[in-house]
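Trainee: Have a peek at start02.json (JSON, C-alpha atoms).
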[["chain", "number", "residue", "atom", "x", "y", "z"],
["A", 24, "MET", "CA", -10.71, 8.47, -14.52],
["A", 25, "GLU", "CA", -7.20, 9.78, -14.58],
["A", 26, "ASN", "CA", -5.72, 10.95, -17.89],
["A", 27, "MET", "CA", -2.14, 11.08, -16.61],
["A", 28, "ARG", "CA", 0.40, 8.83, -14.87],
["A", 29, "THR", "CA", 3.68, 9.98, -13.32],
["A", 30, "ILE", "CA", 6.74, 7.88, -12.55],
["A", 31, "GLU", "CA", 9.56, 9.00, -10.26],
["A", 32, "ILE", "CA", 12.92, 8.59, -12.02],
["A", 33, "PRO", "CA", 15.38, 6.77, -9.69],
["A", 34, "GLU", "CA", 18.85, 8.11, -8.88],
["A", 35, "GLY", "CA", 21.46, 7.25, -11.51],
["A", 36, "VAL", "CA", 18.93, 6.64, -14.31],
["A", 37, "ASN", "CA", 19.10, 8.74, -17.47],
["A", 38, "ILE", "CA", 16.12, 8.93, -19.85],
["A", 39, "THR", "CA", 16.09, 10.24, -23.40],
["A", 40, "ILE", "CA", 12.86, 10.57, -25.39],
["A", 41, "ASP", "CA", 13.14, 11.13, -29.14],
["A", 42, "ASN", "CA", 9.73, 11.07, -30.86],
["A", 43, "ILE", "CA", 8.60, 7.45, -30.18],
["A", 44, "LYS", "CA", 11.99, 6.05, -29.10],
["A", 45, "VAL", "CA", 12.56, 5.88, -25.33],
["A", 46, "VAL", "CA", 16.15, 5.18, -24.20],
["A", 47, "ILE", "CA", 16.74, 4.41, -20.52],
["A", 48, "SER", "CA", 20.31, 4.00, -19.28],
["A", 49, "GLY", "CA", 21.54, 3.23, -15.80],
["A", 50, "PRO", "CA", 24.46, 1.72, -13.87],
["A", 51, "ILE", "CA", 23.99, -1.79, -15.35],
["A", 52, "GLY", "CA", 23.21, -0.97, -18.98],
["A", 53, "GLN", "CA", 20.91, 0.63, -21.50],
["A", 54, "ILE", "CA", 17.51, -0.36, -22.92],
["A", 55, "GLN", "CA", 15.69, 1.28, -25.80],
["A", 56, "ARG", "CA", 12.14, 0.73, -26.93],
["A", 57, "ASP", "CA", 9.69, 2.27, -29.39],
["A", 58, "MET", "CA", 6.58, 3.30, -27.46],
["A", 59, "TRP", "CA", 3.69, 4.66, -29.50],
["A", 60, "TYR", "CA", -0.08, 4.53, -29.23],
["A", 61, "PRO", "CA", -2.62, 6.97, -30.70],
["A", 62, "GLY", "CA", -3.33, 9.86, -28.35],
["A", 63, "ILE", "CA", -0.63, 9.01, -25.76],
["A", 64, "THR", "CA", 2.46, 11.14, -25.12],
["A", 65, "ILE", "CA", 5.49, 10.52, -22.89],
["A", 66, "LYS", "CA", 7.35, 13.55, -21.50],
["A", 67, "LYS", "CA", 10.22, 14.06, -19.10],
["A", 68, "ASP", "CA", 9.42, 16.66, -16.43],
["A", 69, "GLY", "CA", 12.45, 17.20, -14.21],
["A", 70, "SER", "CA", 12.90, 14.06, -12.11],
["A", 71, "LYS", "CA", 9.56, 12.61, -13.22],
["A", 72, "LEU", "CA", 8.27, 10.87, -16.31],
["A", 73, "VAL", "CA", 4.74, 11.88, -17.36],
["A", 74, "ILE", "CA", 2.53, 9.64, -19.51],
["A", 75, "GLU", "CA", -0.68, 11.36, -20.56],
["A", 76, "THR", "CA", -3.55, 11.20, -22.99],
["A", 77, "GLY", "CA", -5.98, 13.80, -24.25],
["A", 78, "ILE", "CA", -8.48, 11.08, -25.19],
["A", 79, "PRO", "CA", -10.05, 9.61, -22.02],
["A", 80, "ARG", "CA", -11.34, 6.43, -23.66],
["A", 81, "ARG", "CA", -11.02, 2.93, -22.24],
["A", 82, "LYS", "CA", -8.24, 1.76, -24.63],
["A", 83, "GLN", "CA", -6.10, 4.87, -24.07],
["A", 84, "LEU", "CA", -6.50, 4.64, -20.28],
["A", 85, "ALA", "CA", -5.56, 0.95, -20.38],
["A", 86, "MET", "CA", -2.46, 1.76, -22.46],
["A", 87, "LEU", "CA", -1.40, 4.37, -19.88],
["A", 88, "GLY", "CA", -1.05, 1.56, -17.34],
["A", 89, "THR", "CA", 0.75, -0.65, -19.86],
["A", 90, "PHE", "CA", 3.25, 2.10, -20.73],
["A", 91, "GLU", "CA", 3.77, 2.81, -17.01],
["A", 92, "SER", "CA", 4.53, -0.87, -16.32],
["A", 93, "HIS", "CA", 6.94, -1.12, -19.28],
["A", 94, "LEU", "CA", 8.83, 2.01, -18.22],
["A", 95, "LYS", "CA", 9.06, 0.88, -14.56],
["A", 96, "ASN", "CA", 10.36, -2.53, -15.68],
["A", 97, "MET", "CA", 12.96, -0.85, -17.88],
["A", 98, "MET", "CA", 14.10, 1.37, -14.97],
["A", 99, "THR", "CA", 14.32, -1.64, -12.63],
["A", 100, "GLY", "CA", 16.28, -3.52, -15.29],
["A", 101, "VAL", "CA", 18.97, -0.85, -15.71],
["A", 102, "THR", "CA", 19.35, -0.36, -11.92],
["A", 103, "LYS", "CA", 18.98, -3.88, -10.44],
["A", 104, "GLY", "CA", 18.60, -6.31, -13.37],
["A", 105, "TYR", "CA", 16.49, -9.45, -13.47],
["A", 106, "GLU", "CA", 17.37, -13.01, -12.45],
["A", 107, "TYR", "CA", 15.37, -16.18, -13.04],
["A", 108, "THR", "CA", 16.41, -19.50, -11.50],
["A", 109, "MET", "CA", 15.39, -22.82, -13.05],
["A", 110, "LYS", "CA", 15.91, -26.35, -11.73],
["A", 111, "VAL", "CA", 16.77, -29.43, -13.80],
["A", 112, "VAL", "CA", 14.62, -32.41, -12.76],
["A", 113, "TYR", "CA", 15.15, -35.99, -14.00],
["A", 114, "SER", "CA", 14.43, -39.47, -12.70],
["A", 115, "HIS", "CA", 16.44, -41.90, -14.86],
["A", 116, "PHE", "CA", 18.39, -40.25, -17.66],
["A", 117, "PRO", "CA", 20.62, -37.40, -16.40],
["A", 118, "ILE", "CA", 19.93, -34.25, -18.43],
["A", 119, "GLN", "CA", 23.04, -32.42, -19.60],
["A", 120, "LEU", "CA", 22.90, -28.71, -20.37],
["A", 121, "LYS", "CA", 25.43, -26.46, -22.06],
["A", 122, "THR", "CA", 25.39, -23.08, -23.76],
["A", 123, "GLU", "CA", 26.60, -22.50, -27.31],
["A", 124, "GLU", "CA", 26.56, -18.93, -28.65],
["A", 125, "ASN", "CA", 22.89, -17.89, -28.34],
["A", 126, "LYS", "CA", 21.42, -21.36, -27.68],
["A", 127, "VAL", "CA", 21.05, -23.72, -24.72],
["A", 128, "MET", "CA", 21.71, -27.33, -25.74],
["A", 129, "ILE", "CA", 19.73, -29.95, -23.81],
["A", 130, "ASN", "CA", 21.31, -33.40, -24.18],
["A", 131, "ASN", "CA", 20.15, -36.86, -23.03],
["A", 132, "PHE", "CA", 16.60, -35.65, -22.27],
["A", 133, "LEU", "CA", 14.59, -38.86, -21.61],
["A", 134, "GLY", "CA", 17.49, -40.74, -23.22],
["A", 135, "GLU", "CA", 17.04, -39.07, -26.60],
["A", 136, "LYS", "CA", 20.08, -39.13, -28.88],
["A", 137, "LYS", "CA", 19.24, -35.84, -30.60],
["A", 138, "SER", "CA", 19.86, -32.59, -28.69],
["A", 139, "ARG", "CA", 17.03, -30.19, -27.98],
["A", 140, "LYS", "CA", 17.73, -26.48, -28.43],
["A", 141, "ALA", "CA", 16.36, -23.39, -26.72],
["A", 142, "SER", "CA", 17.25, -19.91, -27.95],
["A", 143, "ILE", "CA", 18.63, -17.19, -25.66],
["A", 144, "LYS", "CA", 16.85, -13.89, -26.34],
["A", 145, "GLY", "CA", 18.53, -10.48, -26.49],
["A", 146, "SER", "CA", 21.42, -9.81, -24.10],
["A", 147, "SER", "CA", 20.32, -12.41, -21.52],
["A", 148, "LYS", "CA", 23.08, -14.54, -19.98],
["A", 149, "VAL", "CA", 22.57, -18.20, -19.06],
["A", 150, "THR", "CA", 24.74, -19.77, -16.35],
["A", 151, "ILE", "CA", 24.57, -23.48, -15.55],
["A", 152, "LYS", "CA", 25.59, -24.51, -12.02],
["A", 153, "GLY", "CA", 24.96, -28.20, -11.36],
["A", 154, "ASP", "CA", 21.21, -28.76, -11.57],
["A", 155, "HIS", "CA", 20.38, -25.03, -11.53],
["A", 156, "VAL", "CA", 20.10, -22.76, -14.55],
["A", 157, "ILE", "CA", 20.42, -19.02, -13.79],
["A", 158, "ILE", "CA", 19.23, -16.53, -16.40],
["A", 159, "THR", "CA", 20.19, -12.88, -15.88],
["A", 160, "GLY", "CA", 19.70, -9.69, -17.89],
["A", 161, "ILE", "CA", 18.43, -6.12, -17.87],
["A", 162, "ASN", "CA", 15.40, -6.68, -20.12],
["A", 163, "LYS", "CA", 12.59, -8.47, -18.24],
["A", 164, "GLU", "CA", 10.92, -9.66, -21.44],
["A", 165, "ASP", "CA", 14.12, -11.23, -22.83],
["A", 166, "VAL", "CA", 14.93, -12.99, -19.54],
["A", 167, "GLY", "CA", 11.37, -14.31, -19.23],
["A", 168, "GLN", "CA", 11.25, -15.45, -22.87],
["A", 169, "THR", "CA", 14.59, -17.27, -22.51],
["A", 170, "ALA", "CA", 13.24, -19.12, -19.46],
["A", 171, "ALA", "CA", 10.06, -19.97, -21.39],
["A", 172, "ASN", "CA", 12.10, -21.25, -24.35],
["A", 173, "ILE", "CA", 14.09, -23.58, -22.08],
["A", 174, "ARG", "CA", 10.90, -24.84, -20.39],
["A", 175, "GLN", "CA", 9.17, -25.32, -23.75],
["A", 176, "ALA", "CA", 12.13, -27.27, -25.17],
["A", 177, "THR", "CA", 11.82, -29.82, -22.36],
["A", 178, "LYS", "CA", 8.07, -30.28, -22.72],
["A", 179, "ILE", "CA", 7.13, -33.96, -22.85],
["A", 180, "LYS", "CA", 4.84, -35.23, -25.60],
["A", 181, "ARG", "CA", 3.30, -38.71, -25.97],
["A", 182, "PHE", "CA", 3.88, -39.54, -22.28],
["A", 183, "ASP", "CA", 1.84, -38.91, -19.15],
["A", 184, "PRO", "CA", 3.29, -35.73, -17.49],
["A", 185, "ARG", "CA", 2.21, -37.01, -14.07],
["A", 186, "VAL", "CA", 4.57, -39.98, -14.43],
["A", 187, "PHE", "CA", 7.37, -38.47, -16.54],
["A", 188, "GLN", "CA", 8.18, -35.26, -14.66],
["A", 189, "ASP", "CA", 11.59, -34.73, -16.26],
["A", 190, "GLY", "CA", 12.35, -31.21, -17.45],
["A", 191, "VAL", "CA", 13.72, -27.80, -16.55],
["A", 192, "TYR", "CA", 11.31, -25.82, -14.34],
["A", 193, "LEU", "CA", 11.22, -22.21, -13.15],
["A", 194, "VAL", "CA", 11.65, -22.06, -9.36],
["A", 195, "GLU", "CA", 12.44, -18.40, -8.65],
["A", 196, "GLN", "CA", 12.21, -15.06, -10.42],
["A", 197, "GLY", "CA", 13.11, -11.60, -9.24],
["A", 198, "THR", "CA", 15.46, -8.64, -9.41]]
Could you write out this file's structure as structure tokens?
Mentor:
Amino acid sequence: MENMRTIEIPEGVNITIDNIKVVISGPIGQIQRDMWYPGITIKKDGSKLVIETGIPRRKQLAMLGTFESHLKNMMTGVTKGYEYTMKVVYSHFPIQLKTEENKVMINNFLGEKKSRKASIKGSSKVTIKGDHVIITGINKEDVGQTAANIRQATKIKRFDPRVFQDGVYLVEQGT
């Protein structure tokens, strides 16, 4: 069992740790997050980030991996960013999408008169190009949640999903 994890800090990434607040800034932007768990400390050691615990119990060791994943995702976000691509699928009624402030409006879904709404989380940006919806941002959780909100808004109820396959589906995700 290992009580410590180290992460190499990429070139151009600046990390500030103030008590439980971790701020990571890079060429694309800045992300901050409160990271706290009993018995776990995060320290900056030169060009490395060290996550360690003095309590080698199962929960603490599991949280070391969780913290490591969160920090790596934050570093990837501020250097490369995240991009999810979704595809609009319809058979009879053409679905119309547009963005308004922090919402995606889904019109004419299955011929419905009322618009469906999906919220855009955080600083994610939604671009609509024909039948593709591209969601970009530096925070992986916000980009993923925005994609999930759009998918959830086009979920079909009271019909057989094998027959009515209309909706907006995730086709690609990456950096």
Trainee: Fewer than 6 positions away in the same chain doesn't count, so skip those; otherwise give me all residues within 12 Å of Gly69 in chain A, counting all atoms listed in the file, as a list of chain:residue names.
Mentor: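 What passes the distance filter is A:Thr29, A:Ile30, A:Glu31, A:Ile32, A:Pro33, A:Asn37, A:Ile38.
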Trainee: Taking all atoms listed in the file into account, which of A:Met58, A:Val73, A:Val101, A:Val191 comes nearest Thr89 in chain A?
Mentor: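 Once distances to Thr89 in chain A are computed over all atoms listed in the file, the minimum belongs to A:Met58.
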Trainee: Report as a PDB file with C-alpha atoms, in the frame of the given file all protein, DNA and RNA residues lying within 12 Å of Asp41 in chain A, evaluated on only C-alpha atoms, omitting residues in the same chain fewer than 5 positions from it.
Mentor:
ATOM      1  CA  VAL A  46      16.150   5.180 -24.200  1.00  0.00           C
ATOM      2  CA  ILE A  47      16.740   4.410 -20.520  1.00  0.00           C
ATOM      3  CA  GLN A  55      15.690   1.280 -25.800  1.00  0.00           C
ATOM      4  CA  ARG A  56      12.140   0.730 -26.930  1.00  0.00           C
ATOM      5  CA  ASP A  57       9.690   2.270 -29.390  1.00  0.00           C
ATOM      6  CA  MET A  58       6.580   3.300 -27.460  1.00  0.00           C
ATOM      7  CA  TRP A  59       3.690   4.660 -29.500  1.00  0.00           C
ATOM      8  CA  THR A  64       2.460  11.140 -25.120  1.00  0.00           C
ATOM      9  CA  ILE A  65       5.490  10.520 -22.890  1.00  0.00           C
ATOM     10  CA  LYS A  66       7.350  13.550 -21.500  1.00  0.00           C
ATOM     11  CA  LYS A  67      10.220  14.060 -19.100  1.00  0.00           C
TER      12      LYS A  67
END
Trainee: I'd like the interatomic distance between CA of Ile51 in chain A and CA of Gly160 in chain A, to a tenth of an Å.
Mentor: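 Between these atoms lies a distance of 9.3 Å.
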Trainee: Which residues come within 9 Å of Glu91 in chain A, counting only C-alpha atoms, excluding same-chain residues fewer than 2 positions away, as a list in words?
Mentor: Arg28, Thr29, Ile30, Ile74, Met86, Leu87, Gly88, Thr89, His93, Leu94, Lys95 and Asn96 of chain A
Trainee: Could you add N, CA and C atoms to range 165-194 of chain A and give me the result as an mmCIF file, in the coordinates of the input?
Mentor:
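Now in part_13.cif:
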data_model
loop_
_atom_site.group_PDB
_atom_site.id
_atom_site.type_symbol
_atom_site.label_atom_id
_atom_site.label_comp_id
_atom_site.auth_asym_id
_atom_site.auth_seq_id
_atom_site.Cartn_x
_atom_site.Cartn_y
_atom_site.Cartn_z
ATOM 1 N N ASP A 165 13.137 -10.296 -22.282
ATOM 2 C CA ASP A 165 14.120 -11.230 -22.830
ATOM 3 C C ASP A 165 14.450 -12.341 -21.847
ATOM 4 N N VAL A 166 14.617 -11.992 -20.563
ATOM 5 C CA VAL A 166 14.930 -12.990 -19.540
ATOM 6 C C VAL A 166 13.768 -13.971 -19.395
ATOM 7 N N GLY A 167 12.555 -13.452 -19.350
ATOM 8 C CA GLY A 167 11.370 -14.310 -19.230
ATOM 9 C C GLY A 167 11.172 -15.194 -20.453
ATOM 10 N N GLN A 168 11.417 -14.662 -21.645
ATOM 11 C CA GLN A 168 11.250 -15.450 -22.870
ATOM 12 C C GLN A 168 12.315 -16.534 -22.968
ATOM 13 N N THR A 169 13.539 -16.252 -22.519
ATOM 14 C CA THR A 169 14.590 -17.270 -22.510
ATOM 15 C C THR A 169 14.207 -18.419 -21.583
ATOM 16 N N ALA A 170 13.690 -18.092 -20.393
ATOM 17 C CA ALA A 170 13.240 -19.120 -19.460
ATOM 18 C C ALA A 170 12.097 -19.941 -20.068
ATOM 19 N N ALA A 171 11.175 -19.272 -20.745
ATOM 20 C CA ALA A 171 10.060 -19.970 -21.390
ATOM 21 C C ALA A 171 10.539 -20.877 -22.514
ATOM 22 N N ASN A 172 11.544 -20.431 -23.268
ATOM 23 C CA ASN A 172 12.100 -21.250 -24.350
ATOM 24 C C ASN A 172 12.728 -22.532 -23.803
ATOM 25 N N ILE A 173 13.464 -22.408 -22.687
ATOM 26 C CA ILE A 173 14.090 -23.580 -22.080
ATOM 27 C C ILE A 173 13.019 -24.541 -21.569
ATOM 28 N N ARG A 174 12.006 -24.012 -20.906
ATOM 29 C CA ARG A 174 10.900 -24.840 -20.390
ATOM 30 C C ARG A 174 10.165 -25.528 -21.535
ATOM 31 N N GLN A 175 9.906 -24.785 -22.603
ATOM 32 C CA GLN A 175 9.170 -25.320 -23.750
ATOM 33 C C GLN A 175 9.973 -26.413 -24.461
ATOM 34 N N ALA A 176 11.292 -26.271 -24.507
ATOM 35 C CA ALA A 176 12.130 -27.270 -25.170
ATOM 36 C C ALA A 176 12.117 -28.604 -24.432
ATOM 37 N N THR A 177 11.841 -28.575 -23.137
ATOM 38 C CA THR A 177 11.820 -29.820 -22.360
ATOM 39 C C THR A 177 10.392 -30.284 -22.078
ATOM 40 N N LYS A 178 9.450 -29.841 -22.885
ATOM 41 C CA LYS A 178 8.070 -30.280 -22.720
ATOM 42 C C LYS A 178 7.945 -31.708 -23.248
ATOM 43 N N ILE A 179 7.244 -32.547 -22.499
ATOM 44 C CA ILE A 179 7.130 -33.960 -22.850
ATOM 45 C C ILE A 179 5.843 -34.186 -23.639
ATOM 46 N N LYS A 180 5.993 -34.867 -24.779
ATOM 47 C CA LYS A 180 4.840 -35.230 -25.600
ATOM 48 C C LYS A 180 4.755 -36.754 -25.643
ATOM 49 N N ARG A 181 3.576 -37.268 -25.847
ATOM 50 C CA ARG A 181 3.300 -38.710 -25.970
ATOM 51 C C ARG A 181 3.507 -39.500 -24.688
ATOM 52 N N PHE A 182 3.762 -38.857 -23.567
ATOM 53 C CA PHE A 182 3.880 -39.540 -22.280
ATOM 54 C C PHE A 182 3.017 -38.805 -21.257
ATOM 55 N N ASP A 183 2.649 -39.501 -20.210
ATOM 56 C CA ASP A 183 1.840 -38.910 -19.150
ATOM 57 C C ASP A 183 2.722 -37.981 -18.299
ATOM 58 N N PRO A 184 2.435 -36.660 -18.254
ATOM 59 C CA PRO A 184 3.290 -35.730 -17.490
ATOM 60 C C PRO A 184 3.252 -35.969 -15.987
ATOM 61 N N ARG A 185 2.253 -36.710 -15.491
ATOM 62 C CA ARG A 185 2.210 -37.010 -14.070
ATOM 63 C C ARG A 185 3.226 -38.088 -13.699
ATOM 64 N N VAL A 186 3.587 -38.924 -14.671
ATOM 65 C CA VAL A 186 4.570 -39.980 -14.430
ATOM 66 C C VAL A 186 5.959 -39.503 -14.825
ATOM 67 N N PHE A 187 6.083 -38.950 -16.040
ATOM 68 C CA PHE A 187 7.370 -38.470 -16.540
ATOM 69 C C PHE A 187 7.468 -36.979 -16.217
ATOM 70 N N GLN A 188 8.085 -36.652 -15.097
ATOM 71 C CA GLN A 188 8.180 -35.260 -14.660
ATOM 72 C C GLN A 188 9.545 -34.652 -14.963
ATOM 73 N N ASP A 189 10.288 -35.252 -15.881
ATOM 74 C CA ASP A 189 11.590 -34.730 -16.260
ATOM 75 C C ASP A 189 11.417 -33.378 -16.960
ATOM 76 N N GLY A 190 12.392 -32.501 -16.783
ATOM 77 C CA GLY A 190 12.350 -31.210 -17.450
ATOM 78 C C GLY A 190 13.158 -30.166 -16.710
ATOM 79 N N VAL A 191 13.072 -28.943 -17.181
ATOM 80 C CA VAL A 191 13.720 -27.800 -16.550
ATOM 81 C C VAL A 191 12.596 -26.836 -16.166
ATOM 82 N N TYR A 192 12.435 -26.589 -14.852
ATOM 83 C CA TYR A 192 11.310 -25.820 -14.340
ATOM 84 C C TYR A 192 11.764 -24.539 -13.652
ATOM 85 N N LEU A 193 10.950 -23.480 -13.782
ATOM 86 C CA LEU A 193 11.220 -22.210 -13.150
ATOM 87 C C LEU A 193 10.904 -22.326 -11.653
ATOM 88 N N VAL A 194 11.872 -21.979 -10.794
ATOM 89 C CA VAL A 194 11.650 -22.060 -9.360
ATOM 90 C C VAL A 194 11.678 -20.687 -8.679
#
